[in-house]
Amino acid sequence: MTIEYLKSGKPEADRAEDDAKVRNIVENTLKQISERGDVAVREFSQKFDNYSPKSFKLSQTEIDDLIAKVAPRDLEDLKFAQSQVRKFAQAQRDSMLDIEIETMPGVILGHKNIPVQSVGCYIPGGKFPMVASAHMSVATASVAGVPRIIAATPPFNGVPNPAVIAAIHLGGAHEIYVMGGIQAVGAMAIGTQSIEAVHMLVGPGNAFVAEAKRQLFGRVGIDLFAGPTETLIIADETVDAELCATDLLGQAEHGYDSPATLITNSRKLAEQTLQEIERILKILPTANTAGVSWENYGEVILCDDYQEMLDVANDIAYEHVQVMTDRDDYFLEHMHSYGALFLGARTNVANGDKVIGTNHTLPTKKSGRYTGGLWVGKYLKTHSYQKITTDEAATKIGEYCSRLCILEGFIGHAEQANLRVRRYGGKNIAYGKAAK
């Protein structure tokens, strides 16, 4: 493999040091929330968001007043986006069937898909009000049938953001809290004097939120590790530098640590994209954010051929992978480690982020190697069950079970099977020893 980095990001050692600092801050913050509950949450909210209301939970009157501030056109746009998300989530839910089969006469096995009973949805919003995240987490949980959906989102410029609150409410949340960052996910997972703990946490966030979810995993379930946005563009000469540069910087503006990478087999496209990025950064209103991300986390990788591009992309395993080549279906067929694919120049990551209907809460930091993104199935637990309905089946299964237990040395286990054989098997007993 002869890949060439025309631009590299921050060294891996520096990134590891940053991660260690985040881990320590998160660990201490969660410890304080666990020990001091609401008091700690209020202190952190005051410290990080300069926000300390009488109650972090919004009343129905407050929710109604905030929704009334949303312009009619904006409200219609929110509803359209949410309908797209619901349609896809419902189609996914309809594909998940409860099953029951008779594996042999009298032996019935099955499974049921049961919703998680309570979920805490985190909707980011400190730098940008992430309205779309409400559709992705809250509305999808509603389609899954979760009985208790609570949501937390930080204040925006010191007050609840009306559009975000509207999206959360329309999505189907039962409780809405105006809280941000570590204190929000910590309060929902650990519980406080005023907030009942949930069974599961979902939603994207910054590095601190992602690390908090990682440390809370086990105490509660989580959807996945969804940290700072990652964007990968796989392109050849069928597209131009303006398209590539725009799509890279369009995602780099998420935060100061949002990796954005171009993989191409065209040196001309790579060099022109670097030039185009410099041009756009001079006029982009969010250049102060996107420029820092690009400087520290932006990369341009030149490959020899499509196979090499594919191998590098699978190894990087980024969250968003935008493919703009003369063989997009080749990458659809062979990509195996990523968050979501965006195929063709007509498609872009912003579509997926905001409106097209697929879920934008996606795996980061190479976790696409073992999980996909948030979807309706994440809120459902598949539980198996079994029953034996005839004496003959109880005897036959019991005989096999007894011998297999003895093989492993589990005498108590074997006696559970033996008891059934004695009760239901009549005189034809062959258990506890090898069959003759």
# chains A, B, ... in the order shown; residues from 1 in each chain; ligands from 1

call {"tool": "residues_around", "arguments": {"residues": "segment 355-360 of chain A", "least_positions_apart": "6", "cutoff": "10 Å", "atoms": "only C-alpha atoms", "output": "PDB file with C-alpha atoms, in the first residue's frame"}}
result
ATOM      1  CA  ASP A  77     -40.221  22.125   8.600  1.00  0.00           C
ATOM      2  CA  LEU A  78     -39.706  20.362  11.933  1.00  0.00           C
ATOM      3  CA  PHE A  80     -41.732  17.344   7.876  1.00  0.00           C
ATOM      4  CA  ALA A  81     -38.321  16.192   9.075  1.00  0.00           C
ATOM      5  CA  GLN A  82     -39.865  14.277  11.936  1.00  0.00           C
ATOM      6  CA  SER A  83     -42.316  12.566   9.598  1.00  0.00           C
ATOM      7  CA  GLN A  84     -39.382  11.379   7.468  1.00  0.00           C
ATOM      8  CA  VAL A  85     -37.627   9.942  10.521  1.00  0.00           C
ATOM      9  CA  ARG A  86     -40.808   8.289  11.786  1.00  0.00           C
ATOM     10  CA  LYS A  87     -41.553   6.687   8.411  1.00  0.00           C
ATOM     11  CA  PHE A  88     -38.163   5.035   8.226  1.00  0.00           C
ATOM     12  CA  ALA A  89     -38.178   4.048  11.902  1.00  0.00           C
ATOM     13  CA  ALA A 132     -32.605  17.320  14.461  1.00  0.00           C
ATOM     14  CA  SER A 133     -31.203  15.250  17.321  1.00  0.00           C
ATOM     15  CA  HIS A 135     -36.147  13.607  15.930  1.00  0.00           C
ATOM     16  CA  MET A 136     -33.427  10.988  15.930  1.00  0.00           C
ATOM     17  CA  SER A 137     -33.607   9.986  19.584  1.00  0.00           C
ATOM     18  CA  THR A 140     -37.505   6.971  17.258  1.00  0.00           C
ATOM     19  CA  GLY A 203     -27.953  10.612  21.695  1.00  0.00           C
ATOM     20  CA  PRO A 204     -24.810  12.280  20.377  1.00  0.00           C
ATOM     21  CA  ALA A 226     -21.344   8.896  19.434  1.00  0.00           C
ATOM     22  CA  GLU A 319     -18.947   7.994  11.234  1.00  0.00           C
ATOM     23  CA  HIS A 320     -20.060   9.594   7.944  1.00  0.00           C
ATOM     24  CA  GLY A 339     -21.549   4.765  10.558  1.00  0.00           C
ATOM     25  CA  ALA A 340     -23.624   5.650   7.504  1.00  0.00           C
ATOM     26  CA  THR A 347     -26.398  13.148  -1.571  1.00  0.00           C
ATOM     27  CA  VAL A 349     -24.145  14.354   5.062  1.00  0.00           C
ATOM     28  CA  GLY A 373     -26.040   3.699  14.379  1.00  0.00           C
ATOM     29  CA  LEU A 374     -29.045   4.440  16.534  1.00  0.00           C
ATOM     30  CA  TRP A 375     -32.262   2.974  15.142  1.00  0.00           C
ATOM     31  CA  VAL A 376     -35.594   1.788  16.427  1.00  0.00           C
TER      32      VAL A 376
END

call {"tool": "select_by_dssp", "arguments": {"residues": "segment 49-256 of chain A", "states": "strand (DSSP E or B)", "output": "number ranges by chain"}}
result
A: 57, 99-104, 107-115, 118-122, 148-153, 156, 159, 175-178, 200-202, 217, 220-222, 231-235

call {"tool": "write_last_selection", "arguments": {"atoms": "C-alpha atoms", "output": "PDB file, in the first residue's frame"}}
result
ATOM      1  CA  LYS A  57     -37.770  20.333  34.299  1.00  0.00           C
ATOM      2  CA  ILE A  99     -41.377 -15.453  16.428  1.00  0.00           C
ATOM      3  CA  GLU A 100     -42.530 -18.797  17.819  1.00  0.00           C
ATOM      4  CA  ILE A 101     -41.589 -22.198  16.404  1.00  0.00           C
ATOM      5  CA  GLU A 102     -42.042 -25.844  17.387  1.00  0.00           C
ATOM      6  CA  THR A 103     -38.542 -27.340  17.049  1.00  0.00           C
ATOM      7  CA  MET A 104     -39.837 -30.846  17.744  1.00  0.00           C
ATOM      8  CA  VAL A 107     -41.085 -28.130  22.320  1.00  0.00           C
ATOM      9  CA  ILE A 108     -41.951 -24.500  21.604  1.00  0.00           C
ATOM     10  CA  LEU A 109     -39.336 -21.720  21.384  1.00  0.00           C
ATOM     11  CA  GLY A 110     -39.860 -18.073  20.657  1.00  0.00           C
ATOM     12  CA  HIS A 111     -38.765 -14.521  21.170  1.00  0.00           C
ATOM     13  CA  LYS A 112     -40.476 -11.221  21.850  1.00  0.00           C
ATOM     14  CA  ASN A 113     -39.224  -7.717  21.070  1.00  0.00           C
ATOM     15  CA  ILE A 114     -39.882  -5.641  24.178  1.00  0.00           C
ATOM     16  CA  PRO A 115     -39.182  -1.892  24.460  1.00  0.00           C
ATOM     17  CA  SER A 118     -37.246   4.190  30.196  1.00  0.00           C
ATOM     18  CA  VAL A 119     -34.756   6.127  28.120  1.00  0.00           C
ATOM     19  CA  GLY A 120     -32.870   9.393  28.533  1.00  0.00           C
ATOM     20  CA  CYS A 121     -32.302  11.261  25.261  1.00  0.00           C
ATOM     21  CA  TYR A 122     -29.522  13.822  25.140  1.00  0.00           C
ATOM     22  CA  ARG A 148     -41.026   6.703  29.578  1.00  0.00           C
ATOM     23  CA  ILE A 149     -39.000   9.017  27.373  1.00  0.00           C
ATOM     24  CA  ILE A 150     -37.147  11.881  29.016  1.00  0.00           C
ATOM     25  CA  ALA A 151     -34.952  14.388  27.240  1.00  0.00           C
ATOM     26  CA  ALA A 152     -32.273  16.836  28.283  1.00  0.00           C
ATOM     27  CA  THR A 153     -30.831  19.695  26.255  1.00  0.00           C
ATOM     28  CA  PHE A 156     -28.858  28.223  24.271  1.00  0.00           C
ATOM     29  CA  VAL A 159     -32.437  30.187  27.844  1.00  0.00           C
ATOM     30  CA  GLU A 175     -40.339  14.885  30.541  1.00  0.00           C
ATOM     31  CA  ILE A 176     -38.075  17.681  29.265  1.00  0.00           C
ATOM     32  CA  TYR A 177     -35.100  19.010  31.231  1.00  0.00           C
ATOM     33  CA  VAL A 178     -32.956  22.004  30.311  1.00  0.00           C
ATOM     34  CA  MET A 200     -30.809   3.597  28.837  1.00  0.00           C
ATOM     35  CA  LEU A 201     -29.007   6.685  27.473  1.00  0.00           C
ATOM     36  CA  VAL A 202     -29.064   7.706  23.815  1.00  0.00           C
ATOM     37  CA  PHE A 217     -22.344   1.983  30.474  1.00  0.00           C
ATOM     38  CA  VAL A 220     -27.398   1.858  32.191  1.00  0.00           C
ATOM     39  CA  GLY A 221     -27.483   0.768  28.593  1.00  0.00           C
ATOM     40  CA  ILE A 222     -26.274   3.113  25.886  1.00  0.00           C
ATOM     41  CA  THR A 231     -16.571  12.884   8.078  1.00  0.00           C
ATOM     42  CA  LEU A 232     -14.850  10.922   5.335  1.00  0.00           C
ATOM     43  CA  ILE A 233     -15.144  11.724   1.641  1.00  0.00           C
ATOM     44  CA  ILE A 234     -14.130   9.093  -0.916  1.00  0.00           C
ATOM     45  CA  ALA A 235     -13.845  10.841  -4.279  1.00  0.00           C
TER      46      ALA A 235
END

call {"tool": "closest_atom_pairs", "arguments": {"of": "segment 10-74 of chain A", "to": "segment 290-306 of chain A", "cutoff": "12 Å", "atoms": "only C-alpha atoms", "output": "JSON lines"}}
result
{"residue": "A:Lys10", "atom": "CA", "partner": "A:Asn296", "partner_atom": "CA", "distance": 4.9}
{"residue": "A:Pro11", "atom": "CA", "partner": "A:Asn296", "partner_atom": "CA", "distance": 8.8}
{"residue": "A:Glu12", "atom": "CA", "partner": "A:Tyr297", "partner_atom": "CA", "distance": 10.4}
{"residue": "A:Asp14", "atom": "CA", "partner": "A:Asn296", "partner_atom": "CA", "distance": 10.3}
{"residue": "A:Arg15", "atom": "CA", "partner": "A:Tyr297", "partner_atom": "CA", "distance": 9.6}

call {"tool": "write_last_selection", "arguments": {"atoms": "all heavy atoms", "output": "CSV table (one decimal), in the first residue's frame"}}
result
chain,number,residue,atom,x,y,z
A,10,LYS,N,-3.6,16.3,14.0
A,10,LYS,CA,-2.9,16.2,15.2
A,10,LYS,C,-2.3,14.8,15.5
A,10,LYS,O,-3.0,13.8,15.3
A,10,LYS,CB,-3.8,16.6,16.4
A,10,LYS,CG,-3.2,16.7,17.7
A,10,LYS,CD,-4.2,17.0,18.8
A,10,LYS,CE,-4.6,18.5,18.8
A,10,LYS,NZ,-5.4,18.8,20.0
A,11,PRO,N,-1.0,14.7,16.0
A,11,PRO,CA,-0.5,13.4,16.2
A,11,PRO,C,-1.3,12.6,17.2
A,11,PRO,O,-2.0,13.1,18.1
A,11,PRO,CB,0.9,13.7,16.9
A,11,PRO,CG,1.2,15.1,16.4
A,11,PRO,CD,-0.1,15.8,16.2
A,12,GLU,N,-1.3,11.3,17.0
A,12,GLU,CA,-2.1,10.4,17.9
A,12,GLU,C,-1.8,10.5,19.3
A,12,GLU,O,-2.6,10.4,20.2
A,12,GLU,CB,-1.8,8.9,17.4
A,12,GLU,CG,-2.9,8.0,17.9
A,12,GLU,CD,-4.3,8.3,17.3
A,12,GLU,OE1,-4.4,8.7,16.1
A,12,GLU,OE2,-5.3,8.2,18.1
A,14,ASP,N,-0.9,13.2,21.0
A,14,ASP,CA,-1.6,14.4,21.5
A,14,ASP,C,-3.1,14.1,21.7
A,14,ASP,O,-3.7,14.6,22.6
A,14,ASP,CB,-1.4,15.6,20.5
A,14,ASP,CG,0.0,16.1,20.5
A,14,ASP,OD1,0.8,15.6,21.3
A,14,ASP,OD2,0.4,16.9,19.6
A,15,ARG,N,-3.7,13.4,20.7
A,15,ARG,CA,-5.1,13.1,20.9
A,15,ARG,C,-5.3,12.2,22.1
A,15,ARG,O,-6.3,12.3,22.8
A,15,ARG,CB,-5.6,12.3,19.6
A,15,ARG,CG,-5.5,13.2,18.3
A,15,ARG,CD,-6.2,12.5,17.2
A,15,ARG,NE,-5.8,13.1,15.9
A,15,ARG,CZ,-6.5,12.9,14.8
A,15,ARG,NH1,-7.5,12.2,14.7
A,15,ARG,NH2,-6.1,13.5,13.6

call {"tool": "atom_distance", "arguments": {"atom1": "atom CA of Ala139 of chain A", "atom2": "atom CA of Ala189 of chain A"}}
result
19.8 Å

call {"tool": "select_by_dssp", "arguments": {"residues": "segment 288-430 of chain A", "states": "alpha helix (DSSP H)", "output": "number ranges by chain"}}
result
A: 288-297, 306-316, 328-334, 349-354, 391-408, 411-424

call {"tool": "residues_around", "arguments": {"residues": "Ala350 of chain A", "least_positions_apart": "4", "cutoff": "8 Å", "atoms": "only C-alpha atoms", "output": "PyMOL selection string"}}
result
chain A and resi 250-251+354

call {"tool": "atom_distance", "arguments": {"atom1": "atom CA of Ile280 of chain A", "atom2": "atom CA of Ala260 of chain A"}}
result
15.0 Å

call {"tool": "residues_around", "arguments": {"residues": "segment 262-271 of chain A", "least_positions_apart": "5", "cutoff": "12 Å", "atoms": "only C-alpha atoms", "output": "count of residues only"}}
result
58

call {"tool": "closest_residue", "arguments": {"among": "A:Asp353, A:Asp98, A:Asp49, A:Asp65", "to": "Ala184 of chain A", "atoms": "only C-alpha atoms"}}
result
A:Asp49
